[in-house]
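Remarks on the structure that follows.
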Amino acid sequence: MKYFIFLILLIGYGALLYIFYSVYSLLKGRFGMFAPFVPSMGKSKKHMLDLAREELEKADKQMTVIDLGSGSGSLLLPLAREFPEHHFIGIEYDWILILLSLFRARKLKNIEWHKQNFMNYSCEKADIVFCYLLKTMQERVGLKLSREISDSCVVITELYPVNHLHLVKAIKPTLNLGIPVYKMRK
Ligand SMILES: C[S@@+](CC[C@H](N)C(=O)[O-])C[C@H]1O[C@@H](n2cnc3c(N)ncnc32)[C@H](O)[C@@H]1O
């Protein structure tokens, strides 16, 4: 009985912490101006990673992969382990997530994290850019990327495509149950 009550309390505190963090993340994103923290997962995460793998596998030089809003690092970490010859950069403005990413990547030498607003980070040197877009971000991020990226750079985005770039491939979930993924270029 004692253990059961302890378990219930633990779940309750965990849920409370999650609710507080979600409100903090929404406030930080100014209620929709920027995406709150939602980890990439399931099929959409797999599609994002597979599209990046296609590019990384055929590369004949060191590639730079930039994740705009890297969250807990769940896109960059598996790729950095799989492709030690390529370079990975996560940009995230939430220090809690930066600390978590630093800890998770402590054994990796080919990955770096920047705690800053990604709108102020240049993507000029990127070969692949990841982002997770809300509708409110399509125009701003689209203008930024179309100004900064090279013709060979591939942009892989979750949820919404980026304005001002050309669609190369769209992977839509069946019956709209899930998150679409888009591959785009200048
Ligand atoms: C939907 S989550 C992406 C999560 C990530 N793909 C993962 O799997 O952990 C969006 C992330 O972007 C971050 N973010 C949103 N706007 C940002 C901005 N302007 N500058 C830096 N980070 C930002 C949020 O804090 C959040 O962690």
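In the structure tokens, the first chain shown is A, the next is B, and so on; residue numbers restart at 1 for each chain, and ligands run from 1 in the order shown.
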Would you write out, as a Markdown table, a table of all residues in stretch 36-89 of chain A that have an atom no more than 10 Å from an atom of stretch 129-140 of chain A, listing for each the closest atom pair and the distance in Å to one decimal, considering only C-alpha atoms and ordering rows by chain and rising residue number?
| residue | atom | partner | partner_atom | distance |
| --- | --- | --- | --- | --- |
| A:Pro36 | CA | A:Leu134 | CA | 9.5 |
| A:Phe37 | CA | A:Tyr132 | CA | 9.9 |
| A:Val38 | CA | A:Tyr132 | CA | 9.4 |
| A:Pro39 | CA | A:Tyr132 | CA | 9.9 |
| A:Ser40 | CA | A:Tyr132 | CA | 8.7 |
| A:Met48 | CA | A:Phe130 | CA | 8.1 |
| A:Leu49 | CA | A:Phe130 | CA | 9.7 |
| A:Ala52 | CA | A:Phe130 | CA | 8.9 |
| A:Thr64 | CA | A:Val129 | CA | 8.6 |
| A:Val65 | CA | A:Val129 | CA | 5.8 |
| A:Ile66 | CA | A:Val129 | CA | 4.9 |
| A:Asp67 | CA | A:Phe130 | CA | 4.6 |
| A:Leu68 | CA | A:Cys131 | CA | 5.2 |
| A:Gly69 | CA | A:Cys131 | CA | 6.6 |
| A:Ser70 | CA | A:Cys131 | CA | 8.1 |
| A:Leu75 | CA | A:Phe130 | CA | 8.5 |
| A:Leu76 | CA | A:Phe130 | CA | 9.2 |
| A:Ile89 | CA | A:Val129 | CA | 9.6 |
Per DSSP on the backbone, what are the helix (DSSP H, G or I) residues of stretch 4-184 of chain A, as a PyMOL selection string?
-> chain A and resi 4-28+42-58+76-82+95-104+118-120+135-148+174-176
DSSP on the backbone: what in stretch 66-122 of chain A comes out strand (DSSP E or B), as a ChimeraX atom specification?
-> /A:66-68,87-92,111-115
Quick one: everything within 8 Å of A:Glu112, counting only C-alpha atoms, minus sequence neighbours fewer than 2 positions away in the same chain. Send it as a ChimeraX atom specification.
-> /A:88-90,110,114
If you keep N, CA and C atoms, can you produce a file of those selected residues as a short mmCIF file (atom, residue, chain, number, x, y, z; two decimals), in the first residue's frame?
data_model
loop_
_atom_site.label_atom_id
_atom_site.label_comp_id
_atom_site.auth_asym_id
_atom_site.auth_seq_id
_atom_site.Cartn_x
_atom_site.Cartn_y
_atom_site.Cartn_z
N PHE A 88 27.32 18.50 -36.64
CA PHE A 88 25.92 18.74 -36.27
C PHE A 88 25.83 19.93 -35.31
N ILE A 89 24.85 20.82 -35.56
CA ILE A 89 24.71 22.04 -34.75
C ILE A 89 23.23 22.19 -34.34
N GLY A 90 22.99 22.25 -33.04
CA GLY A 90 21.62 22.45 -32.55
C GLY A 90 21.46 23.85 -32.00
N ASN A 110 31.35 15.55 -32.47
CA ASN A 110 30.96 16.18 -33.74
C ASN A 110 29.64 16.94 -33.62
N HIS A 114 23.94 25.71 -29.42
CA HIS A 114 23.96 27.16 -29.19
C HIS A 114 22.66 27.56 -28.53
#
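Our summary of the geometry notes that atom CA of A:Ile111 is positioned 26.7 Å from atom CA of A:Tyr24.
In this structure, atom CA of A:Leu9 sits 25.7 Å away from atom CA of A:Leu26.
Separating atom CA of A:Leu99 from atom 27 (O, counted along the ligand's line) of ligand 1 is a distance of 12.0 Å.
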Extract, using only C-alpha atoms, all DNA, RNA and protein residues at most 12 Å from A:Lys28, discarding same-chain residues fewer than 5 positions from it, and format them as a list of chain:residue names.
-> A:Tyr21, A:Ser22, A:Val23, A:Met33, A:Phe34, A:Ala35, A:Pro36, A:Phe37, A:Glu92, A:Tyr93, A:Asp94, A:Trp95, A:Asn117
